[in-house]
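Peer 1: Got a file for you: entry.cif, mmCIF, C-alpha atoms.
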```cif
data_model
#
loop_
_atom_site.label_atom_id
_atom_site.label_comp_id
_atom_site.auth_asym_id
_atom_site.auth_seq_id
_atom_site.Cartn_x
_atom_site.Cartn_y
_atom_site.Cartn_z
CA MET A 1 -77.93 286.17 -58.48
CA ILE A 2 -76.12 285.97 -55.15
CA ALA A 3 -73.22 284.13 -56.81
CA ILE A 4 -72.61 287.08 -59.17
CA PHE A 5 -72.44 289.46 -56.19
CA LEU A 6 -70.03 287.08 -54.45
CA TYR A 7 -67.73 286.96 -57.47
CA ILE A 8 -67.75 290.77 -57.70
CA LEU A 9 -66.88 291.15 -54.01
CA ILE A 10 -64.08 288.55 -54.19
CA GLY A 11 -62.64 290.44 -57.17
CA LEU A 12 -62.80 293.68 -55.15
CA SER A 13 -60.83 292.07 -52.33
CA PHE A 14 -58.11 291.21 -54.85
CA LEU A 15 -58.13 294.87 -55.97
CA CYS A 16 -57.41 295.79 -52.33
CA PHE A 17 -54.41 293.43 -52.40
CA ILE A 18 -53.07 295.27 -55.45
CA ARG A 19 -53.01 298.42 -53.29
CA VAL A 20 -51.33 296.45 -50.50
CA LEU A 21 -48.61 295.35 -52.91
CA TYR A 22 -47.95 298.71 -54.56
CA GLY A 23 -48.82 301.16 -51.77
CA PRO A 24 -45.97 303.63 -51.43
CA THR A 25 -46.27 304.17 -47.68
CA MET A 26 -47.20 301.99 -44.73
CA ALA A 27 -50.43 303.88 -44.10
CA ASP A 28 -51.62 303.13 -47.64
CA ARG A 29 -51.26 299.45 -46.97
CA MET A 30 -53.13 299.77 -43.70
CA VAL A 31 -55.99 301.61 -45.40
CA ALA A 32 -56.22 298.79 -47.93
CA ILE A 33 -56.26 296.17 -45.15
CA ASP A 34 -59.03 298.10 -43.37
CA ILE A 35 -61.15 298.26 -46.53
CA PHE A 36 -60.40 294.58 -47.15
CA GLY A 37 -61.80 293.70 -43.73
CA THR A 38 -65.01 295.60 -44.43
CA ILE A 39 -65.43 293.86 -47.79
CA VAL A 40 -64.83 290.45 -46.20
CA ALA A 41 -67.61 291.26 -43.72
CA GLY A 42 -69.88 291.84 -46.72
CA ILE A 43 -68.74 288.54 -48.25
CA CYS A 44 -69.57 286.71 -45.02
CA ALA A 45 -73.00 288.36 -44.96
CA LEU A 46 -73.66 287.24 -48.53
CA LEU A 47 -72.50 283.70 -47.72
CA VAL A 48 -75.21 283.54 -45.04
CA ILE A 49 -77.85 283.87 -47.76
CA LYS A 50 -75.98 281.71 -50.26
CA THR A 51 -75.12 278.71 -48.09
CA GLY A 52 -77.61 278.97 -45.23
CA ARG A 53 -74.91 278.56 -42.58
CA LEU A 54 -76.05 281.03 -39.96
CA PHE A 55 -72.84 281.26 -37.92
CA LEU A 56 -71.10 283.25 -40.68
CA ILE A 57 -72.71 286.49 -39.47
CA ASP A 58 -70.72 286.04 -36.23
CA VAL A 59 -67.58 285.75 -38.35
CA ALA A 60 -68.49 289.07 -40.00
CA ILE A 61 -68.92 290.85 -36.64
CA ALA A 62 -65.66 289.43 -35.27
CA TRP A 63 -63.80 290.45 -38.42
CA ILE A 64 -65.08 294.04 -38.12
CA ILE A 65 -63.89 294.30 -34.51
CA ILE A 66 -60.43 292.81 -35.17
CA SER A 67 -59.91 295.06 -38.20
CA PHE A 68 -60.82 298.07 -36.04
CA ILE A 69 -58.26 297.06 -33.39
CA GLY A 70 -55.54 296.70 -36.01
CA THR A 71 -56.29 300.12 -37.52
CA ILE A 72 -56.21 301.82 -34.11
CA ALA A 73 -52.91 300.11 -33.26
CA LEU A 74 -51.27 301.37 -36.46
CA ALA A 75 -52.67 304.89 -35.95
CA LYS A 76 -51.17 304.98 -32.45
CA TYR A 77 -47.89 303.74 -33.87
CA LEU A 78 -47.87 306.50 -36.47
CA THR A 79 -48.37 309.22 -33.86
CA ARG A 80 -45.48 307.69 -31.85
CA LYS A 81 -47.48 307.27 -28.64
CA LYS A 82 -48.03 304.39 -26.32
CA LEU A 83 -51.41 302.66 -26.37
CA ASP A 84 -52.53 303.99 -22.97
CA GLU A 85 -52.04 307.71 -23.62
CA MET B 1 -85.81 286.94 -51.61
CA ASN B 2 -88.05 289.93 -51.95
CA SER B 3 -87.30 292.80 -54.29
CA ILE B 4 -86.27 295.28 -51.58
CA SER B 5 -83.47 292.97 -50.42
CA ILE B 6 -82.21 292.53 -53.98
CA ALA B 7 -82.28 296.30 -54.53
CA LEU B 8 -80.29 296.85 -51.32
CA LEU B 9 -77.77 294.19 -52.39
CA VAL B 10 -77.31 295.87 -55.77
CA ILE B 11 -76.78 299.25 -54.06
CA GLY B 12 -74.28 297.73 -51.63
CA VAL B 13 -72.19 295.94 -54.24
CA THR B 14 -72.19 299.02 -56.47
CA PHE B 15 -70.93 301.24 -53.65
CA ASP B 16 -68.24 298.67 -52.78
CA LEU B 17 -67.14 298.70 -56.42
CA PHE B 18 -66.87 302.49 -56.49
CA GLY B 19 -64.97 302.53 -53.22
CA CYS B 20 -62.39 300.04 -54.46
CA ILE B 21 -61.96 301.91 -57.74
CA GLY B 22 -61.31 305.04 -55.70
CA LEU B 23 -58.84 303.14 -53.54
CA LEU B 24 -56.86 302.21 -56.62
CA ARG B 25 -57.09 305.37 -58.69
CA LEU B 26 -56.80 308.39 -56.37
CA PRO B 27 -53.42 310.06 -55.90
CA ASP B 28 -52.58 310.13 -52.17
CA ILE B 29 -53.63 308.49 -48.92
CA TYR B 30 -56.06 311.20 -47.83
CA ASN B 31 -58.08 311.00 -51.04
CA ARG B 32 -57.95 307.22 -50.96
CA LEU B 33 -59.27 307.02 -47.42
CA GLN B 34 -61.94 309.62 -48.10
CA SER B 35 -63.23 307.64 -51.05
CA ALA B 36 -62.82 304.14 -49.75
CA THR B 37 -64.09 304.45 -46.19
CA LYS B 38 -67.34 306.21 -46.96
CA CYS B 39 -68.30 304.13 -49.99
CA VAL B 40 -67.35 300.74 -48.59
CA THR B 41 -68.94 301.42 -45.20
CA LEU B 42 -72.25 302.38 -46.78
CA GLY B 43 -72.08 299.42 -49.15
CA THR B 44 -71.49 296.83 -46.45
CA CYS B 45 -74.13 298.39 -44.21
CA SER B 46 -76.58 298.13 -47.10
CA ILE B 47 -75.74 294.43 -47.48
CA MET B 48 -76.32 293.92 -43.74
CA LEU B 49 -79.69 295.68 -44.00
CA ALA B 50 -80.60 293.35 -46.86
CA ILE B 51 -79.75 290.38 -44.61
CA PHE B 52 -82.03 291.83 -41.93
CA LEU B 53 -84.91 292.30 -44.38
CA HIS B 54 -84.42 288.77 -45.70
CA TYR B 55 -84.37 286.98 -42.35
CA GLY B 56 -86.65 289.27 -40.30
CA PHE B 57 -86.57 289.26 -36.51
CA THR B 58 -84.64 286.03 -36.07
CA ALA B 59 -81.20 285.60 -34.49
CA VAL B 60 -79.36 286.22 -37.76
CA GLY B 61 -81.44 289.28 -38.58
CA ILE B 62 -80.86 290.85 -35.17
CA LYS B 63 -77.12 290.17 -35.43
CA ALA B 64 -77.00 291.82 -38.85
CA LEU B 65 -78.90 294.79 -37.43
CA ILE B 66 -76.37 295.04 -34.57
CA ALA B 67 -73.50 294.90 -37.05
CA ILE B 68 -74.69 298.11 -38.78
CA PRO B 69 -73.91 300.67 -35.99
CA LEU B 70 -70.84 298.65 -35.04
CA LEU B 71 -69.52 298.97 -38.58
CA PHE B 72 -70.38 302.66 -38.76
CA PHE B 73 -68.56 303.58 -35.55
CA ALA B 74 -65.58 301.25 -36.06
CA SER B 75 -64.93 302.33 -39.64
CA THR B 76 -65.28 306.07 -39.10
CA VAL B 77 -63.28 306.18 -35.86
CA GLY B 78 -60.55 304.02 -37.36
CA ALA B 79 -60.35 306.16 -40.48
CA HIS B 80 -60.12 309.39 -38.46
CA ALA B 81 -57.41 308.03 -36.18
CA LEU B 82 -55.44 306.66 -39.12
CA ILE B 83 -55.59 309.88 -41.09
CA ARG B 84 -54.54 312.00 -38.10
CA GLY B 85 -51.68 309.64 -37.39
CA SER B 86 -50.45 309.72 -40.95
CA TYR B 87 -50.64 313.53 -41.01
CA ARG B 88 -48.55 313.76 -37.86
CA PHE B 89 -46.17 311.13 -39.22
CA GLY B 90 -45.45 313.53 -42.07
CA ILE B 91 -46.86 311.83 -45.14
CA LYS B 92 -46.96 314.39 -47.94
CA LEU B 93 -50.13 315.58 -49.59
CA THR B 94 -50.37 315.33 -53.36
CA ASP B 95 -49.12 318.13 -55.57
CA LYS B 96 -52.62 319.02 -56.74
CA THR B 97 -53.78 319.99 -53.25
CA VAL B 98 -55.55 323.37 -53.24
CA ILE B 99 -55.88 324.16 -49.52
CA ASP B 100 -54.64 322.62 -46.28
CA ASP B 101 -56.58 323.98 -43.31
CA TYR B 102 -55.44 321.34 -40.87
CA LYS B 103 -51.89 322.70 -40.88
CA GLU B 104 -52.97 325.82 -38.97
CA VAL B 105 -54.95 323.79 -36.45
CA GLU B 106 -51.93 321.63 -35.68
CA LYS B 107 -49.70 324.59 -34.80
#
```
Please express the file's structure as structure tokens.
Peer 2:
Amino acid sequence: MIAIFLYILIGLSFLCFIRVLYGPTMADRMVAIDIFGTIVAGICALLVIKTGRLFLIDVAIAWIIISFIGTIALAKYLTRKKLDE
Amino acid sequence: MNSISIALLVIGVTFDLFGCIGLLRLPDIYNRLQSATKCVTLGTCSIMLAIFLHYGFTAVGIKALIAIPLLFFASTVGAHALIRGSYRFGIKLTDKTVIDDYKEVEK
């Protein structure tokens, strides 16, 4: 049951990489990376149930935060401002 | 696993699937972000809630419960900042756009 959900989510992360490959602009690629990070957090949460290794939920939280930092950095770069304005 | 957790997992994976289909199929970045962020955020939050219902008030369950508001705020703030940045960068809207109210606000 959980294995089917894991296979579906891994397939969805490869769909995100299709958008990373073919995205016409830079922001499209960054959107796909952001969505990929959220899906990987879901994969880590499912792996907690599947494998019983409890530290993977920490991996999910850390992945969410680092994906957020990357998105904010690219948004600041697109508006052509420094990070402390 | 109890049945409520399995139902929440099914809801979460289904919303993730719809979000990724929208990410692939919609015409420009604004539509893509509007589809993908909302659907995938709700889907992953639903998976986290299923983890919490499965493990109860243990360390893993509390961490999954903490991850829900973290994911909500991080995803929505990041999406808003990214879409404003790409609008100011000058990325074109699609040809089928009906109305663009944000252009008058930016002036």
Peer 1: Might you pull out every residue within 8 Å of Ala45 (chain A), with all atoms listed in the file counted and same-chain residues fewer than 4 positions away left off, and present them as a ChimeraX atom specification?
Peer 2: /A:41,49,56-57,60 /B:47-48,51
Peer 1: From the list B:Leu33, B:Gly12, B:Pro27, B:Cys20, which residue is nearest Ala81 (chain B) when using all atoms listed in the file?
Peer 2: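 Nearest candidate to Ala81 (chain B) out of B:Leu33, B:Gly12, B:Pro27, B:Cys20: B:Leu33.
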Peer 1: Tell me the residues of chain B close to chain A, meaning within 6 Å using only C-alpha atoms, as a PDB file with C-alpha atoms, in the frame of the given file.
Peer 2:
```pdb
ATOM      1  CA  ILE B  29     -53.630 308.490 -48.920  1.00  0.00           C
ATOM      2  CA  THR B  44     -71.490 296.830 -46.450  1.00  0.00           C
ATOM      3  CA  ALA B  74     -65.580 301.250 -36.060  1.00  0.00           C
ATOM      4  CA  GLY B  78     -60.550 304.020 -37.360  1.00  0.00           C
ATOM      5  CA  ALA B  81     -57.410 308.030 -36.180  1.00  0.00           C
ATOM      6  CA  LEU B  82     -55.440 306.660 -39.120  1.00  0.00           C
ATOM      7  CA  GLY B  85     -51.680 309.640 -37.390  1.00  0.00           C
ATOM      8  CA  PHE B  89     -46.170 311.130 -39.220  1.00  0.00           C
TER       9      PHE B  89
END
```
Peer 1: Suppose you want the space between CA of Glu106 (chain B) and CA of Val77 (chain B); what is it in Å?
Peer 2: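 These atoms are spaced 19.2 Å apart.
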Peer 1: Given 3 Å on each side, where is the centre and what are the edge lengths in Å to one decimal of the axis-aligned box enclosing the listed atoms of region 90-102 of chain B, as AutoDock Vina command-line options?
Peer 2:
```
--center_x -51.0 --center_y 318.0 --center_z -48.8 --size_x 17.1 --size_y 18.3 --size_z 21.9
```
Peer 1: Quick one: pull the distance between CA of Arg25 (chain B) and CA of Lys96 (chain B), Å, one decimal.
Peer 2: 14.5 Å
Peer 1: Suppose a student applies the PyMOL selection byres ((chain B and resi 37) around 9) to this structure; what residues should they get, written as a CSV table (one decimal) with C-alpha atoms, in the frame of the given file?
Peer 2:
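Output file selection00.csv follows:
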```
chain,number,residue,atom,x,y,z
A,31,VAL,CA,-56.0,301.6,-45.4
A,34,ASP,CA,-59.0,298.1,-43.4
A,35,ILE,CA,-61.2,298.3,-46.5
B,19,GLY,CA,-65.0,302.5,-53.2
B,32,ARG,CA,-58.0,307.2,-51.0
B,33,LEU,CA,-59.3,307.0,-47.4
B,34,GLN,CA,-61.9,309.6,-48.1
B,35,SER,CA,-63.2,307.6,-51.0
B,36,ALA,CA,-62.8,304.1,-49.8
B,38,LYS,CA,-67.3,306.2,-47.0
B,39,CYS,CA,-68.3,304.1,-50.0
B,40,VAL,CA,-67.4,300.7,-48.6
B,41,THR,CA,-68.9,301.4,-45.2
B,42,LEU,CA,-72.2,302.4,-46.8
B,75,SER,CA,-64.9,302.3,-39.6
B,76,THR,CA,-65.3,306.1,-39.1
B,79,ALA,CA,-60.4,306.2,-40.5
```
Peer 1: Provide the CA of Phe17 (chain A) to CA of Ile33 (chain A) distance in Å, to one decimal place.
Peer 2: 8.0 Å
Peer 1: Just say which residues the PyMOL selection byres ((chain B and resi 52) around 7) picks in this file, as number ranges by chain.
Peer 2: B: 48-51, 53-56, 61-62, 64-65
Peer 1: Take the residues that were just selected and, keeping C-alpha atoms, output them as an mmCIF file, in the coordinates of the input.
Peer 2:
```
data_model
loop_
_atom_site.group_PDB
_atom_site.id
_atom_site.type_symbol
_atom_site.label_atom_id
_atom_site.label_comp_id
_atom_site.auth_asym_id
_atom_site.auth_seq_id
_atom_site.Cartn_x
_atom_site.Cartn_y
_atom_site.Cartn_z
ATOM 1 C CA MET B 48 -76.320 293.920 -43.740
ATOM 2 C CA LEU B 49 -79.690 295.680 -44.000
ATOM 3 C CA ALA B 50 -80.600 293.350 -46.860
ATOM 4 C CA ILE B 51 -79.750 290.380 -44.610
ATOM 5 C CA LEU B 53 -84.910 292.300 -44.380
ATOM 6 C CA HIS B 54 -84.420 288.770 -45.700
ATOM 7 C CA TYR B 55 -84.370 286.980 -42.350
ATOM 8 C CA GLY B 56 -86.650 289.270 -40.300
ATOM 9 C CA GLY B 61 -81.440 289.280 -38.580
ATOM 10 C CA ILE B 62 -80.860 290.850 -35.170
ATOM 11 C CA ALA B 64 -77.000 291.820 -38.850
ATOM 12 C CA LEU B 65 -78.900 294.790 -37.430
#
```
Peer 1: Considering only C-alpha atoms, can you say which of B:Gly90, B:Phe57, B:Arg84, B:Leu9 comes closest to Val105 (chain B)?
Peer 2: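 When distances to Val105 (chain B) are compared using only C-alpha atoms, the smallest one comes from B:Arg84.
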